[in-house]
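Read through the structure below, which is laid out as structure tokens, and then see the notes.
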Amino acid sequence: MDRRKFLSTAGLATAGATTLAAPAIAQSVREMTIVSTWGRDFPGLGISAQRLVERINQLSEGRIRAEYFAAGERVGAFDVFDDVAGGNSQAYISADYFFTGKHAGFAYFTGVPFGMTSPEWNAWINYGGGQALWDELSADFGLKKLPCGSTGTQSGGWFNKEINSPEDLRGLKMRIPGLGGNVMSKLGVSTVSLPGGQIYENLVSGAIDATEYVGPYNDYFLKLYEAAKYYYVTGMHEPGGGNAFGLNKTWWENLSDWEQAIISAACQEENALGAQEVAAKNGEYLARLVNEHGVELRNFNEDVWDVFGEAAIEVHEETRDHSAMAAKIGDAYMDAMREIGGYRASAEVAFSRQRNRVFDLG
């Protein structure tokens with residue numbers, strides 16, 4: 001046979017063999033169950049969680065098949081931590097300050113009184129050593145954590161009476177979790193931690209006198225304006241609420257590098273989108289609360305802010321004293337806040353103050 005003809009024929013045969021072999025290679029599918037603290041289709045937090053799960057499916061082109069369960073559909077809102085740590089589900093979407101009963105240090109990975117804002121917290125997590133500390137703490141519970149959203153600076157809350165002095169806080173029954181709840185307890189407030197789906201009924205029934213949740217966008221859809229008259233716009237308790245994507249550590253470590261990269265990318269994308277959505281919507285829904293529902297906006301006065309601050313300093317010290325790990329996290333957090341927040345105070349915050357003055361933005 002002519003040598004050139006043989007080589008040509010052989011090449012076609014090889015190509016044909018390659019073409020025929022490709023369909024025989026099966027694409028494995030990784031099943032992933034994700035549980036959440038947030039209600040299904042709830043604007044803000046709920047939609048953010050569902051968008052993240054959908055994005056994992058999209059980016060993986062179906063090779064990770066993630067199935068989402070909102071609060072109560074598979075486990076209770078506050079049961080997600082144990083469900084994932086125990087391996088019943090592969091991941092949860094929540095806020096880690098709900099789990100300070102497991103370890104006080106988890107508070108620093110959501111939001112703490114007078115703590116970092118969302119841009120500061122994300123800078124610490126991604127570039128200031130925060131992620132390594134989160135990993136170290138979570139590993140003791142068989143978990144791996146990733147940031148997956150932010151609520152920004154949260155509102156002070158809904159009250160059925162005006163808070164004109166520290167004395168007005170005493171005796172109140174208030175829904176407020178995390179270290180913010182510890183601050184309020186020091187000021188004579190009886191605090192409870194309730195999932196979002198239970199707040200309205202408790203406020204309407206009088207089981208609680210006041211509540212904080214997130215901010216105007218999320219609060220509007222809970223219809224808290226039907227149950228309380230006064231809305232305190234700025235709160236001390238969660239200046240930069242960060243959401244957590246908690247994965248079963250063993251399951252995570254058995255993923256390929258590609259699968260881990262897909263999940264990490266989806267979380268980082270939603271971490272940005274969630275914060276942007278809240279920033280875009282809060283102003284609109286604050287106006288709707290006032291104009292459509294007659295909500296009266298208030299701000300805590302300096303006397304109230306001062307007692308918040310005094311109590312917060314005590315709470316930070318108590319949290320630090322919980323354990324060596326809590327002290328390690330708390331010290332690193334405060335060091336990062338001074339460095340990152342100090343610069344922002346002389347740049348972004350100073351600029352915003354002057355811009356707002358010039359354009360009368362309040």
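Letters A, B, ... mark the chains of the structure tokens in the order given; residue numbers begin at 1 per chain; ligand numbers begin at 1, in order shown.
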- request: Fewer than 6 positions away in the same chain doesn't count, so skip those; otherwise give me all residues within 7 Å of region 292-296 of chain A, counting only C-alpha atoms, as a ChimeraX atom specification.
  value: /A:225,229-231
Looking only at the backbone, which of the residues in region 95-255 of chain A does DSSP tag as alpha helix (DSSP H), as a PDB file with N, CA, C and O atoms, in the first residue's frame?
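This went into result.pdb:
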ATOM      1  N   SER A 118     -19.749  45.375  56.459  1.00  0.00           N
ATOM      2  CA  SER A 118     -19.594  44.299  55.476  1.00  0.00           C
ATOM      3  C   SER A 118     -18.302  44.409  54.653  1.00  0.00           C
ATOM      4  O   SER A 118     -17.588  43.402  54.498  1.00  0.00           O
ATOM      5  N   PRO A 119     -17.951  45.582  54.095  1.00  0.00           N
ATOM      6  CA  PRO A 119     -16.686  45.648  53.342  1.00  0.00           C
ATOM      7  C   PRO A 119     -15.480  45.337  54.220  1.00  0.00           C
ATOM      8  O   PRO A 119     -14.528  44.686  53.766  1.00  0.00           O
ATOM      9  N   GLU A 120     -15.515  45.775  55.473  1.00  0.00           N
ATOM     10  CA  GLU A 120     -14.402  45.499  56.380  1.00  0.00           C
ATOM     11  C   GLU A 120     -14.322  44.011  56.703  1.00  0.00           C
ATOM     12  O   GLU A 120     -13.231  43.414  56.690  1.00  0.00           O
ATOM     13  N   TRP A 121     -15.471  43.411  56.990  1.00  0.00           N
ATOM     14  CA  TRP A 121     -15.506  41.991  57.341  1.00  0.00           C
ATOM     15  C   TRP A 121     -15.022  41.129  56.180  1.00  0.00           C
ATOM     16  O   TRP A 121     -14.236  40.193  56.363  1.00  0.00           O
ATOM     17  N   ASN A 122     -15.466  41.439  54.969  1.00  0.00           N
ATOM     18  CA  ASN A 122     -15.028  40.665  53.808  1.00  0.00           C
ATOM     19  C   ASN A 122     -13.537  40.825  53.555  1.00  0.00           C
ATOM     20  O   ASN A 122     -12.861  39.871  53.136  1.00  0.00           O
ATOM     21  N   ALA A 123     -13.016  42.017  53.804  1.00  0.00           N
ATOM     22  CA  ALA A 123     -11.569  42.226  53.662  1.00  0.00           C
ATOM     23  C   ALA A 123     -10.812  41.348  54.652  1.00  0.00           C
ATOM     24  O   ALA A 123      -9.786  40.737  54.317  1.00  0.00           O
ATOM     25  N   TRP A 124     -11.326  41.262  55.874  1.00  0.00           N
ATOM     26  CA  TRP A 124     -10.688  40.424  56.898  1.00  0.00           C
ATOM     27  C   TRP A 124     -10.780  38.948  56.543  1.00  0.00           C
ATOM     28  O   TRP A 124      -9.788  38.211  56.644  1.00  0.00           O
ATOM     29  N   ILE A 125     -11.952  38.507  56.107  1.00  0.00           N
ATOM     30  CA  ILE A 125     -12.129  37.099  55.756  1.00  0.00           C
ATOM     31  C   ILE A 125     -11.206  36.701  54.614  1.00  0.00           C
ATOM     32  O   ILE A 125     -10.491  35.687  54.681  1.00  0.00           O
ATOM     33  N   ASN A 126     -11.182  37.502  53.552  1.00  0.00           N
ATOM     34  CA  ASN A 126     -10.467  37.116  52.330  1.00  0.00           C
ATOM     35  C   ASN A 126      -8.982  37.467  52.332  1.00  0.00           C
ATOM     36  O   ASN A 126      -8.187  36.762  51.692  1.00  0.00           O
ATOM     37  N   TYR A 127      -8.590  38.531  53.042  1.00  0.00           N
ATOM     38  CA  TYR A 127      -7.204  38.990  52.953  1.00  0.00           C
ATOM     39  C   TYR A 127      -6.550  39.277  54.301  1.00  0.00           C
ATOM     40  O   TYR A 127      -5.383  39.667  54.336  1.00  0.00           O
ATOM     41  N   GLY A 130      -9.027  36.008  58.358  1.00  0.00           N
ATOM     42  CA  GLY A 130     -10.288  35.593  58.948  1.00  0.00           C
ATOM     43  C   GLY A 130     -10.741  34.210  58.506  1.00  0.00           C
ATOM     44  O   GLY A 130     -11.260  33.432  59.308  1.00  0.00           O
ATOM     45  N   GLN A 131     -10.546  33.897  57.217  1.00  0.00           N
ATOM     46  CA  GLN A 131     -10.983  32.587  56.708  1.00  0.00           C
ATOM     47  C   GLN A 131     -10.238  31.448  57.411  1.00  0.00           C
ATOM     48  O   GLN A 131     -10.841  30.432  57.758  1.00  0.00           O
ATOM     49  N   ALA A 132      -8.947  31.620  57.655  1.00  0.00           N
ATOM     50  CA  ALA A 132      -8.169  30.570  58.319  1.00  0.00           C
ATOM     51  C   ALA A 132      -8.690  30.322  59.734  1.00  0.00           C
ATOM     52  O   ALA A 132      -8.760  29.173  60.194  1.00  0.00           O
ATOM     53  N   LEU A 133      -9.066  31.387  60.437  1.00  0.00           N
ATOM     54  CA  LEU A 133      -9.611  31.235  61.787  1.00  0.00           C
ATOM     55  C   LEU A 133     -10.984  30.579  61.751  1.00  0.00           C
ATOM     56  O   LEU A 133     -11.313  29.747  62.613  1.00  0.00           O
ATOM     57  N   TRP A 134     -11.801  30.948  60.767  1.00  0.00           N
ATOM     58  CA  TRP A 134     -13.119  30.341  60.598  1.00  0.00           C
ATOM     59  C   TRP A 134     -12.971  28.846  60.326  1.00  0.00           C
ATOM     60  O   TRP A 134     -13.704  28.024  60.875  1.00  0.00           O
ATOM     61  N   ASP A 135     -11.998  28.505  59.482  1.00  0.00           N
ATOM     62  CA  ASP A 135     -11.732  27.095  59.175  1.00  0.00           C
ATOM     63  C   ASP A 135     -11.284  26.337  60.421  1.00  0.00           C
ATOM     64  O   ASP A 135     -11.719  25.203  60.666  1.00  0.00           O
ATOM     65  N   GLU A 136     -10.402  26.959  61.200  1.00  0.00           N
ATOM     66  CA  GLU A 136      -9.877  26.303  62.393  1.00  0.00           C
ATOM     67  C   GLU A 136     -10.993  26.028  63.401  1.00  0.00           C
ATOM     68  O   GLU A 136     -11.074  24.922  63.969  1.00  0.00           O
ATOM     69  N   LEU A 137     -11.839  27.007  63.627  1.00  0.00           N
ATOM     70  CA  LEU A 137     -12.949  26.833  64.559  1.00  0.00           C
ATOM     71  C   LEU A 137     -13.951  25.803  64.042  1.00  0.00           C
ATOM     72  O   LEU A 137     -14.381  24.905  64.783  1.00  0.00           O
ATOM     73  N   SER A 138     -14.302  25.915  62.777  1.00  0.00           N
ATOM     74  CA  SER A 138     -15.322  25.032  62.204  1.00  0.00           C
ATOM     75  C   SER A 138     -14.866  23.582  62.131  1.00  0.00           C
ATOM     76  O   SER A 138     -15.683  22.659  62.244  1.00  0.00           O
ATOM     77  N   ALA A 139     -13.569  23.371  61.932  1.00  0.00           N
ATOM     78  CA  ALA A 139     -13.046  22.006  61.813  1.00  0.00           C
ATOM     79  C   ALA A 139     -13.329  21.176  63.061  1.00  0.00           C
ATOM     80  O   ALA A 139     -13.537  19.958  62.985  1.00  0.00           O
ATOM     81  N   GLY A 178     -27.502  36.446  68.944  1.00  0.00           N
ATOM     82  CA  GLY A 178     -26.083  36.750  68.896  1.00  0.00           C
ATOM     83  C   GLY A 178     -25.615  37.607  70.057  1.00  0.00           C
ATOM     84  O   GLY A 178     -26.279  37.749  71.092  1.00  0.00           O
ATOM     85  N   LEU A 179     -24.444  38.223  69.884  1.00  0.00           N
ATOM     86  CA  LEU A 179     -23.885  39.059  70.935  1.00  0.00           C
ATOM     87  C   LEU A 179     -24.714  40.324  71.139  1.00  0.00           C
ATOM     88  O   LEU A 179     -24.696  40.907  72.230  1.00  0.00           O
ATOM     89  N   GLY A 180     -25.438  40.746  70.103  1.00  0.00           N
ATOM     90  CA  GLY A 180     -26.341  41.882  70.269  1.00  0.00           C
ATOM     91  C   GLY A 180     -27.386  41.588  71.329  1.00  0.00           C
ATOM     92  O   GLY A 180     -27.765  42.469  72.118  1.00  0.00           O
ATOM     93  N   GLY A 181     -27.853  40.352  71.362  1.00  0.00           N
ATOM     94  CA  GLY A 181     -28.795  39.946  72.397  1.00  0.00           C
ATOM     95  C   GLY A 181     -28.160  40.002  73.778  1.00  0.00           C
ATOM     96  O   GLY A 181     -28.810  40.393  74.758  1.00  0.00           O
ATOM     97  N   ASN A 182     -26.883  39.637  73.866  1.00  0.00           N
ATOM     98  CA  ASN A 182     -26.179  39.709  75.148  1.00  0.00           C
ATOM     99  C   ASN A 182     -26.073  41.147  75.634  1.00  0.00           C
ATOM    100  O   ASN A 182     -26.188  41.431  76.826  1.00  0.00           O
ATOM    101  N   VAL A 183     -25.840  42.074  74.694  1.00  0.00           N
ATOM    102  CA  VAL A 183     -25.782  43.500  75.047  1.00  0.00           C
ATOM    103  C   VAL A 183     -27.120  43.950  75.618  1.00  0.00           C
ATOM    104  O   VAL A 183     -27.192  44.591  76.672  1.00  0.00           O
ATOM    105  N   MET A 184     -28.195  43.615  74.919  1.00  0.00           N
ATOM    106  CA  MET A 184     -29.523  44.019  75.368  1.00  0.00           C
ATOM    107  C   MET A 184     -29.853  43.408  76.733  1.00  0.00           C
ATOM    108  O   MET A 184     -30.483  44.055  77.579  1.00  0.00           O
ATOM    109  N   SER A 185     -29.443  42.178  76.968  1.00  0.00           N
ATOM    110  CA  SER A 185     -29.708  41.529  78.250  1.00  0.00           C
ATOM    111  C   SER A 185     -29.067  42.296  79.395  1.00  0.00           C
ATOM    112  O   SER A 185     -29.638  42.406  80.487  1.00  0.00           O
ATOM    113  N   LYS A 186     -27.870  42.820  79.168  1.00  0.00           N
ATOM    114  CA  LYS A 186     -27.196  43.603  80.196  1.00  0.00           C
ATOM    115  C   LYS A 186     -27.947  44.891  80.530  1.00  0.00           C
ATOM    116  O   LYS A 186     -27.754  45.469  81.607  1.00  0.00           O
ATOM    117  N   GLY A 196     -36.904  33.818  61.355  1.00  0.00           N
ATOM    118  CA  GLY A 196     -37.709  34.856  60.719  1.00  0.00           C
ATOM    119  C   GLY A 196     -39.183  34.529  60.622  1.00  0.00           C
ATOM    120  O   GLY A 196     -40.047  35.402  60.808  1.00  0.00           O
ATOM    121  N   GLY A 197     -39.503  33.268  60.341  1.00  0.00           N
ATOM    122  CA  GLY A 197     -40.886  32.883  60.138  1.00  0.00           C
ATOM    123  C   GLY A 197     -41.744  32.939  61.380  1.00  0.00           C
ATOM    124  O   GLY A 197     -42.979  32.837  61.290  1.00  0.00           O
ATOM    125  N   GLN A 198     -41.137  33.098  62.562  1.00  0.00           N
ATOM    126  CA  GLN A 198     -41.895  33.129  63.809  1.00  0.00           C
ATOM    127  C   GLN A 198     -41.971  34.525  64.433  1.00  0.00           C
ATOM    128  O   GLN A 198     -42.636  34.710  65.461  1.00  0.00           O
ATOM    129  N   ILE A 199     -41.315  35.501  63.825  1.00  0.00           N
ATOM    130  CA  ILE A 199     -41.240  36.821  64.458  1.00  0.00           C
ATOM    131  C   ILE A 199     -42.587  37.525  64.451  1.00  0.00           C
ATOM    132  O   ILE A 199     -43.043  38.046  65.482  1.00  0.00           O
ATOM    133  N   TYR A 200     -43.242  37.565  63.307  1.00  0.00           N
ATOM    134  CA  TYR A 200     -44.487  38.326  63.167  1.00  0.00           C
ATOM    135  C   TYR A 200     -45.533  37.879  64.184  1.00  0.00           C
ATOM    136  O   TYR A 200     -46.123  38.699  64.894  1.00  0.00           O
ATOM    137  N   GLU A 201     -45.766  36.578  64.272  1.00  0.00           N
ATOM    138  CA  GLU A 201     -46.812  36.075  65.160  1.00  0.00           C
ATOM    139  C   GLU A 201     -46.506  36.396  66.615  1.00  0.00           C
ATOM    140  O   GLU A 201     -47.412  36.697  67.412  1.00  0.00           O
ATOM    141  N   ASN A 202     -45.234  36.350  67.002  1.00  0.00           N
ATOM    142  CA  ASN A 202     -44.849  36.656  68.373  1.00  0.00           C
ATOM    143  C   ASN A 202     -44.986  38.142  68.690  1.00  0.00           C
ATOM    144  O   ASN A 202     -45.349  38.509  69.816  1.00  0.00           O
ATOM    145  N   LEU A 203     -44.724  38.984  67.694  1.00  0.00           N
ATOM    146  CA  LEU A 203     -44.861  40.423  67.901  1.00  0.00           C
ATOM    147  C   LEU A 203     -46.332  40.827  67.963  1.00  0.00           C
ATOM    148  O   LEU A 203     -46.744  41.630  68.803  1.00  0.00           O
ATOM    149  N   VAL A 204     -47.136  40.251  67.096  1.00  0.00           N
ATOM    150  CA  VAL A 204     -48.573  40.557  67.072  1.00  0.00           C
ATOM    151  C   VAL A 204     -49.251  40.078  68.356  1.00  0.00           C
ATOM    152  O   VAL A 204     -50.116  40.768  68.922  1.00  0.00           O
ATOM    153  N   SER A 205     -48.870  38.900  68.830  1.00  0.00           N
ATOM    154  CA  SER A 205     -49.513  38.334  70.014  1.00  0.00           C
ATOM    155  C   SER A 205     -49.092  39.003  71.309  1.00  0.00           C
ATOM    156  O   SER A 205     -49.739  38.820  72.346  1.00  0.00           O
ATOM    157  N   PRO A 216     -34.767  47.386  56.004  1.00  0.00           N
ATOM    158  CA  PRO A 216     -36.051  47.692  55.362  1.00  0.00           C
ATOM    159  C   PRO A 216     -36.507  46.687  54.314  1.00  0.00           C
ATOM    160  O   PRO A 216     -37.694  46.347  54.252  1.00  0.00           O
ATOM    161  N   TYR A 217     -35.606  46.215  53.459  1.00  0.00           N
ATOM    162  CA  TYR A 217     -35.980  45.315  52.371  1.00  0.00           C
ATOM    163  C   TYR A 217     -36.560  44.006  52.917  1.00  0.00           C
ATOM    164  O   TYR A 217     -37.662  43.590  52.553  1.00  0.00           O
ATOM    165  N   ASN A 218     -35.812  43.343  53.794  1.00  0.00           N
ATOM    166  CA  ASN A 218     -36.300  42.093  54.371  1.00  0.00           C
ATOM    167  C   ASN A 218     -37.462  42.329  55.330  1.00  0.00           C
ATOM    168  O   ASN A 218     -38.446  41.586  55.335  1.00  0.00           O
ATOM    169  N   ASP A 219     -37.368  43.360  56.152  1.00  0.00           N
ATOM    170  CA  ASP A 219     -38.389  43.615  57.167  1.00  0.00           C
ATOM    171  C   ASP A 219     -39.749  43.920  56.550  1.00  0.00           C
ATOM    172  O   ASP A 219     -40.794  43.556  57.113  1.00  0.00           O
ATOM    173  N   TYR A 220     -39.745  44.595  55.412  1.00  0.00           N
ATOM    174  CA  TYR A 220     -40.996  44.956  54.741  1.00  0.00           C
ATOM    175  C   TYR A 220     -41.833  43.710  54.464  1.00  0.00           C
ATOM    176  O   TYR A 220     -43.054  43.696  54.682  1.00  0.00           O
ATOM    177  N   PHE A 221     -41.192  42.655  53.990  1.00  0.00           N
ATOM    178  CA  PHE A 221     -41.927  41.467  53.581  1.00  0.00           C
ATOM    179  C   PHE A 221     -42.329  40.589  54.763  1.00  0.00           C
ATOM    180  O   PHE A 221     -43.168  39.698  54.604  1.00  0.00           O
ATOM    181  N   LEU A 222     -41.777  40.849  55.953  1.00  0.00           N
ATOM    182  CA  LEU A 222     -42.282  40.194  57.152  1.00  0.00           C
ATOM    183  C   LEU A 222     -43.513  40.926  57.700  1.00  0.00           C
ATOM    184  O   LEU A 222     -44.147  40.456  58.649  1.00  0.00           O
ATOM    185  N   LYS A 249     -17.300  18.784  56.425  1.00  0.00           N
ATOM    186  CA  LYS A 249     -15.867  18.844  56.125  1.00  0.00           C
ATOM    187  C   LYS A 249     -15.378  17.591  55.396  1.00  0.00           C
ATOM    188  O   LYS A 249     -14.590  17.697  54.444  1.00  0.00           O
ATOM    189  N   THR A 250     -15.821  16.423  55.824  1.00  0.00           N
ATOM    190  CA  THR A 250     -15.397  15.189  55.157  1.00  0.00           C
ATOM    191  C   THR A 250     -15.876  15.171  53.717  1.00  0.00           C
ATOM    192  O   THR A 250     -15.126  14.796  52.797  1.00  0.00           O
ATOM    193  N   TRP A 251     -17.123  15.540  53.502  1.00  0.00           N
ATOM    194  CA  TRP A 251     -17.670  15.592  52.139  1.00  0.00           C
ATOM    195  C   TRP A 251     -16.886  16.581  51.292  1.00  0.00           C
ATOM    196  O   TRP A 251     -16.528  16.282  50.150  1.00  0.00           O
ATOM    197  N   TRP A 252     -16.609  17.763  51.858  1.00  0.00           N
ATOM    198  CA  TRP A 252     -15.859  18.794  51.141  1.00  0.00           C
ATOM    199  C   TRP A 252     -14.478  18.293  50.733  1.00  0.00           C
ATOM    200  O   TRP A 252     -14.043  18.495  49.599  1.00  0.00           O
ATOM    201  N   GLU A 253     -13.798  17.632  51.632  1.00  0.00           N
ATOM    202  CA  GLU A 253     -12.434  17.189  51.354  1.00  0.00           C
ATOM    203  C   GLU A 253     -12.383  16.049  50.348  1.00  0.00           C
ATOM    204  O   GLU A 253     -11.334  15.792  49.751  1.00  0.00           O
TER     205      GLU A 253
END
field: Distance criterion (only C-alpha atoms): nearest to Gly142 (chain A) out of A:Ala70, A:Met116, A:Ala85, A:Leu194
entry: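 Ranking A:Ala70, A:Met116, A:Ala85, A:Leu194 by distance to Gly142 (chain A), first place goes to A:Ala85.
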query: Out of A:Gly362, A:Gly101, A:Gly188, A:Pro195, which residue has the shortest atom-to-atom distance to Phe78 (chain A) when counting only C-alpha atoms?
result: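 Using only C-alpha atoms, Phe78 (chain A) sits closest to A:Pro195.
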message: Restricting the calculation to only C-alpha atoms: of A:Val112, A:Leu286, A:Val35, A:Ile47, which residue gets closest to Ala77 (chain A)?
response: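 Selected residue with least distance to Ala77 (chain A): A:Val35.
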Shell of 9 Å around Asn301 (chain A), only C-alpha atoms, local chain residues under 6 positions omitted, as a PDB file with N, CA and C atoms, in the first residue's frame:
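Full text of part-v9.pdb as output:
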ATOM      1  N   ILE A 163     -37.891  54.757  72.415  1.00  0.00           N
ATOM      2  CA  ILE A 163     -36.767  54.530  73.316  1.00  0.00           C
ATOM      3  C   ILE A 163     -36.019  55.853  73.446  1.00  0.00           C
ATOM      4  N   ASN A 164     -36.358  56.594  74.488  1.00  0.00           N
ATOM      5  CA  ASN A 164     -35.767  57.917  74.685  1.00  0.00           C
ATOM      6  C   ASN A 164     -34.656  57.936  75.718  1.00  0.00           C
ATOM      7  N   SER A 165     -34.516  56.862  76.460  1.00  0.00           N
ATOM      8  CA  SER A 165     -33.476  56.773  77.483  1.00  0.00           C
ATOM      9  C   SER A 165     -33.169  55.304  77.728  1.00  0.00           C
TER      10      SER A 165
END
query: Smallest atom-to-atom distance to Arg63 (chain A): which of A:Phe141, A:Trp258, A:Phe351, A:Tyr108, using only C-alpha atoms?
result: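 Nearest to Arg63 (chain A): A:Trp258.
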Run DSSP on the backbone and grab whatever in region 48-186 of chain A lands in strand (DSSP E or B); send it over as a CSV table (one decimal) with N, CA, C and O atoms, in the first residue's frame.
chain,number,residue,atom,x,y,z
A,64,ILE,N,-22.7,18.8,39.5
A,64,ILE,CA,-23.0,18.8,40.9
A,64,ILE,C,-24.5,19.1,40.9
A,64,ILE,O,-25.0,20.1,40.4
A,65,ARG,N,-25.3,18.1,41.4
A,65,ARG,CA,-26.8,18.3,41.5
A,65,ARG,C,-27.2,18.7,42.9
A,65,ARG,O,-27.3,17.9,43.8
A,66,ALA,N,-27.3,20.0,43.1
A,66,ALA,CA,-27.6,20.6,44.4
A,66,ALA,C,-29.1,20.7,44.5
A,66,ALA,O,-29.8,21.3,43.6
A,67,GLU,N,-29.7,20.2,45.6
A,67,GLU,CA,-31.1,20.3,45.9
A,67,GLU,C,-31.3,21.2,47.2
A,67,GLU,O,-30.6,20.9,48.2
A,68,TYR,N,-32.2,22.1,47.1
A,68,TYR,CA,-32.3,23.1,48.2
A,68,TYR,C,-33.6,22.8,49.0
A,68,TYR,O,-34.6,22.6,48.5
A,69,PHE,N,-33.4,22.9,50.3
A,69,PHE,CA,-34.6,22.8,51.3
A,69,PHE,C,-34.6,24.1,52.2
A,69,PHE,O,-33.6,24.3,52.9
A,91,ALA,N,-24.6,20.6,53.0
A,91,ALA,CA,-24.3,22.0,53.3
A,91,ALA,C,-25.5,22.7,53.8
A,91,ALA,O,-26.6,22.3,53.7
A,92,TYR,N,-25.2,23.9,54.5
A,92,TYR,CA,-26.3,24.7,55.0
A,92,TYR,C,-26.0,26.2,54.6
A,92,TYR,O,-24.9,26.6,54.4
A,93,ILE,N,-27.1,27.0,54.5
A,93,ILE,CA,-27.0,28.4,54.4
A,93,ILE,C,-27.7,29.1,55.6
A,93,ILE,O,-28.8,28.8,55.8
A,94,SER,N,-26.9,29.8,56.3
A,94,SER,CA,-27.4,30.4,57.5
A,94,SER,C,-26.6,31.6,58.0
A,94,SER,O,-25.8,32.1,57.2
A,143,LEU,N,-16.9,20.8,60.1
A,143,LEU,CA,-17.5,21.7,59.1
A,143,LEU,C,-16.4,22.5,58.4
A,143,LEU,O,-15.3,22.7,58.9
A,144,LYS,N,-16.7,23.0,57.2
A,144,LYS,CA,-15.9,23.9,56.4
A,144,LYS,C,-16.9,25.1,56.1
A,144,LYS,O,-18.0,24.8,55.7
A,145,LYS,N,-16.4,26.3,56.2
A,145,LYS,CA,-17.3,27.5,56.0
A,145,LYS,C,-16.8,28.4,54.8
A,145,LYS,O,-15.6,28.5,54.7
A,146,LEU,N,-17.8,29.0,54.1
A,146,LEU,CA,-17.5,30.0,53.1
A,146,LEU,C,-18.5,31.1,53.3
A,146,LEU,O,-19.6,30.9,53.6
A,147,PRO,N,-18.0,32.4,53.0
A,147,PRO,CA,-19.0,33.5,53.1
A,147,PRO,C,-19.9,33.4,51.8
A,147,PRO,O,-19.5,33.0,50.7
A,148,CYS,N,-21.2,33.7,52.0
A,148,CYS,CA,-22.1,33.6,50.8
A,148,CYS,C,-23.2,34.7,50.8
A,148,CYS,O,-24.2,34.5,50.2
A,149,GLY,N,-22.9,35.8,51.4
A,149,GLY,CA,-23.9,36.9,51.3
A,149,GLY,C,-23.7,37.8,52.5
A,149,GLY,O,-23.1,37.5,53.5
A,150,SER,N,-24.3,39.0,52.4
A,150,SER,CA,-24.2,40.0,53.4
A,150,SER,C,-25.5,40.9,53.5
A,150,SER,O,-26.1,41.2,52.4
A,151,THR,N,-25.9,41.2,54.7
A,151,THR,CA,-27.1,42.1,54.8
A,151,THR,C,-26.7,43.5,55.1
A,151,THR,O,-27.6,44.4,55.2
A,152,GLY,N,-25.4,43.9,55.1
A,152,GLY,CA,-25.1,45.3,55.4
A,152,GLY,C,-25.4,45.6,56.9
A,152,GLY,O,-25.6,44.8,57.7
A,157,GLY,N,-34.3,48.1,64.9
A,157,GLY,CA,-35.4,47.2,65.2
A,157,GLY,C,-36.8,48.0,65.3
A,157,GLY,O,-36.9,49.2,65.1
A,158,TRP,N,-37.8,47.2,65.6
A,158,TRP,CA,-39.2,47.6,65.7
A,158,TRP,C,-39.6,47.6,67.1
A,158,TRP,O,-39.4,46.6,67.8
A,159,PHE,N,-40.2,48.7,67.6
A,159,PHE,CA,-40.6,48.9,69.0
A,159,PHE,C,-42.0,49.4,69.0
A,159,PHE,O,-42.4,50.2,68.2
A,173,LYS,N,-39.3,42.7,76.2
A,173,LYS,CA,-39.1,41.4,75.6
A,173,LYS,C,-38.8,41.6,74.1
A,173,LYS,O,-39.6,42.0,73.4
A,174,MET,N,-37.6,41.2,73.7
A,174,MET,CA,-37.1,41.5,72.4
A,174,MET,C,-36.5,40.3,71.7
A,174,MET,O,-35.7,39.5,72.3
A,175,ARG,N,-36.8,40.1,70.4
A,175,ARG,CA,-36.1,39.1,69.6
A,175,ARG,C,-34.8,39.7,69.1
A,175,ARG,O,-34.9,40.7,68.3
field: Nearest-residue call for Val192 (chain A), choices A:Glu317, A:Asn57, A:Phe98, A:Lys161, using only C-alpha atoms
entry: A:Phe98
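Closest to Glu310 (chain A) among A:Met236, A:Ala324, A:Ala261, A:Leu361 is A:Met236, based on only C-alpha atoms.
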message: Please compute the CA of Thr33 (chain A)-CA of Gln90 (chain A) distance, one decimal, in Å.
response: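 Distance between the two atoms: 5.4 Å.
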